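Working notes, structure below.
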Amino acid sequence: MADVVTGEAVVLEVRVAQLPSRALALLVDGVLQGVAIYAVGWVWGQLGFVAEQAVVVAVAILLAALILVGYPVVSETLSRGRTVGKLVFGLRVVSDDGGPERFRQALFRGLAGLVEFWFLLGAPALIVSLVSAQGKRLGDVFAGTIVISERRPRQAPPPEMPPWMASWARTLELSRLPEGLASAARQYLSRWHQLAPAVRHEMGVRIATEFASYVSPPPPPNEPPYVYLAAVLAERRQRTEARLARRMAHGPFTSHGALSPHGAPSPYGALSPHGALSPYGALSPHGAPSPYGAPSSYGRFPASASGRGPGSMGPPPPVGSPVPLPPPGRMPGSVAGSGGFVAPV
């Protein structure tokens, strides 16, 4: 795995293509290029052109170079980083910032590949790929690209957004949330149903308390830690996917403070809709400390399973089974953490 930093300073974890899969993809592309060169030579012979031997050799070399360079350049430009071989093995070439490969980058890779693979028999590509932490060959180093694998092993599904938390989650300020802390929360939620209730509660309070120091505004009162964490991670994932979709559709992001593709000023560094500075590191908009500021906010269980007191946490849901949907006509947020939220598995 490798980290890719986008133009908006978002850290993405990508799966770097392994050397065997890249070699097999190159083999498939090489076979196709060899067939194309043979077909061009056969057509040339059938047409019966008569010329001097030197002219024939020069034309043959020129056509071969065009095929060896033109095939990867055209394929990767039109398909945004894929050739037939890469398509077969689930590989794609992307920019170092996670954006789609551009024509200039594909041209650099194609010209370098002609020297690396066909003139020097792949030795420089092999050596540089083994030394590089991201598996880059010389063409990738010159072009500023990286080859990633789009096929991932089966993983636990991402946290789902609790329906009653969706409107609150849309107001979140998430830019200060560290990637390491988000990763720890994902691991916690993936093992959530396997933990004993006491351990689950203790870990959830600890991680939620750390989240609250980076995320604002604070969550609605009386929400269990796992509901809070699931809502934050689900909203963060939705925003990241939306940014990547815009990048793939419109190219690189604009720089901070520059005009956006639609002609409107970029909101980064601007005033918030209420006329105040963006609440980076400040208190929540409500002026109250986050309920996750201390473990005691989740330290009390209700006296009975049917009622809930202020500042208390509802009974933990059954281990190993999702929390059922609320009955028709019941308000989703009437009992925090009990309606519509499917526990991660």
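Note on naming: chains are A, B, ... as they come in the structure tokens, residues start from 1 per chain, ligands start from 1 in the order shown.
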Mind checking which residues fall within 10 Å of Arg22 (chain A), counting only C-alpha atoms, ignoring those fewer than 6 positions away in the same chain, and posting them as a ChimeraX atom specification? /A:28,85-86,89-91,135,147-149
Give me a file of those residues, with N, CA and C atoms, as a PDB file, in the first residue's frame.
ATOM      1  N   VAL A  28       1.337  -9.288 -22.211  1.00  0.00           N
ATOM      2  CA  VAL A  28       0.141  -9.228 -23.062  1.00  0.00           C
ATOM      3  C   VAL A  28       0.262  -8.092 -24.066  1.00  0.00           C
ATOM      4  N   GLY A  85      -3.302  -4.993 -21.671  1.00  0.00           N
ATOM      5  CA  GLY A  85      -2.695  -5.809 -20.625  1.00  0.00           C
ATOM      6  C   GLY A  85      -3.062  -5.335 -19.231  1.00  0.00           C
ATOM      7  N   LYS A  86      -3.046  -4.037 -19.014  1.00  0.00           N
ATOM      8  CA  LYS A  86      -3.425  -3.507 -17.700  1.00  0.00           C
ATOM      9  C   LYS A  86      -4.899  -3.752 -17.424  1.00  0.00           C
ATOM     10  N   PHE A  89      -5.389  -7.344 -16.128  1.00  0.00           N
ATOM     11  CA  PHE A  89      -4.910  -7.615 -14.776  1.00  0.00           C
ATOM     12  C   PHE A  89      -5.331  -6.551 -13.764  1.00  0.00           C
ATOM     13  N   GLY A  90      -6.258  -5.684 -14.140  1.00  0.00           N
ATOM     14  CA  GLY A  90      -6.810  -4.721 -13.191  1.00  0.00           C
ATOM     15  C   GLY A  90      -5.850  -3.643 -12.756  1.00  0.00           C
ATOM     16  N   LEU A  91      -4.993  -3.168 -13.653  1.00  0.00           N
ATOM     17  CA  LEU A  91      -4.019  -2.130 -13.330  1.00  0.00           C
ATOM     18  C   LEU A  91      -4.409  -0.819 -14.000  1.00  0.00           C
ATOM     19  N   GLY A 135       7.285   1.040  -6.474  1.00  0.00           N
ATOM     20  CA  GLY A 135       7.381   0.175  -7.641  1.00  0.00           C
ATOM     21  C   GLY A 135       7.465   0.918  -8.955  1.00  0.00           C
ATOM     22  N   VAL A 147       1.675   3.176 -10.964  1.00  0.00           N
ATOM     23  CA  VAL A 147       0.765   2.127 -11.432  1.00  0.00           C
ATOM     24  C   VAL A 147       0.111   1.505 -10.205  1.00  0.00           C
ATOM     25  N   ILE A 148      -1.211   1.515 -10.175  1.00  0.00           N
ATOM     26  CA  ILE A 148      -1.944   0.988  -9.030  1.00  0.00           C
ATOM     27  C   ILE A 148      -2.783  -0.201  -9.462  1.00  0.00           C
ATOM     28  N   SER A 149      -3.160  -0.994  -8.493  1.00  0.00           N
ATOM     29  CA  SER A 149      -4.049  -2.131  -8.729  1.00  0.00           C
ATOM     30  C   SER A 149      -5.445  -1.753  -8.268  1.00  0.00           C
TER      31      SER A 149
END
Distance query Asp140 (chain A) at most 12 Å, only C-alpha atoms, self and fewer than 6 positions along chain excluded, as a ChimeraX atom specification: /A:81,93-96,101,104-113,116,125,128-129,132,134,146-148
Strand (DSSP E) call set, DSSP backbone run, region 87-270 of chain A, as a PyMOL selection string: chain A and resi 91-95+145-149
In region 42-278 of chain A, DSSP alpha helix (DSSP H) residues written as a VMD selection string: chain A and resid 42 to 47 53 to 78 84 to 88 103 to 113 123 to 131 138 to 143 166 to 169 179 to 190 197 to 212 225 to 250
When distances are computed from only C-alpha atoms, which of A:Leu130, A:Leu47, A:Val56, A:Leu87 shows the smallest separation from Leu19 (chain A)?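 Going through A:Leu130, A:Leu47, A:Val56, A:Leu87 one by one, the smallest distance to Leu19 (chain A) is for A:Leu130.
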Give me, as a Markdown table, the closest atom pair and its distance (Å, one decimal) for every residue of region 188-258 of chain A within a cut-off of 12 Å of region 155-164 of chain A, counting only C-alpha atoms, rows sorted by chain and rising number.
| residue | atom | partner | partner_atom | distance |
| --- | --- | --- | --- | --- |
| A:Tyr188 | CA | A:Pro159 | CA | 10.6 |
| A:Leu189 | CA | A:Pro159 | CA | 7.3 |
| A:Ser190 | CA | A:Ala156 | CA | 6.5 |
| A:Arg191 | CA | A:Ala156 | CA | 9.4 |
| A:Trp192 | CA | A:Pro159 | CA | 10.9 |
| A:Pro219 | CA | A:Trp164 | CA | 11.5 |
| A:Pro220 | CA | A:Trp164 | CA | 10.1 |
| A:Glu223 | CA | A:Trp164 | CA | 10.7 |
| A:Pro224 | CA | A:Pro162 | CA | 11.7 |
| A:Tyr226 | CA | A:Pro159 | CA | 9.8 |
| A:Val227 | CA | A:Pro162 | CA | 6.9 |
| A:Tyr228 | CA | A:Pro162 | CA | 8.9 |
| A:Leu229 | CA | A:Pro159 | CA | 8.7 |
| A:Ala230 | CA | A:Pro159 | CA | 5.3 |
| A:Ala231 | CA | A:Met161 | CA | 5.0 |
| A:Val232 | CA | A:Met161 | CA | 8.2 |
| A:Leu233 | CA | A:Pro159 | CA | 6.8 |
| A:Ala234 | CA | A:Met161 | CA | 5.4 |
| A:Glu235 | CA | A:Met161 | CA | 7.2 |
| A:Arg236 | CA | A:Met161 | CA | 10.4 |
| A:Arg237 | CA | A:Pro158 | CA | 8.6 |
| A:Gln238 | CA | A:Met161 | CA | 9.8 |
Could you name the residues that touch region 60-63 of chain A at 12 Å or less, counting only C-alpha atoms, but leaving out those on the same chain fewer than 5 positions away, as a VMD selection string? chain A and resid 33 to 34 36 to 45 53 to 55 68 to 71
Which one of A:Leu195, A:Leu138, A:Ala23, A:Val215 sits closest to Ala169 (chain A) if you count only C-alpha atoms? A:Val215
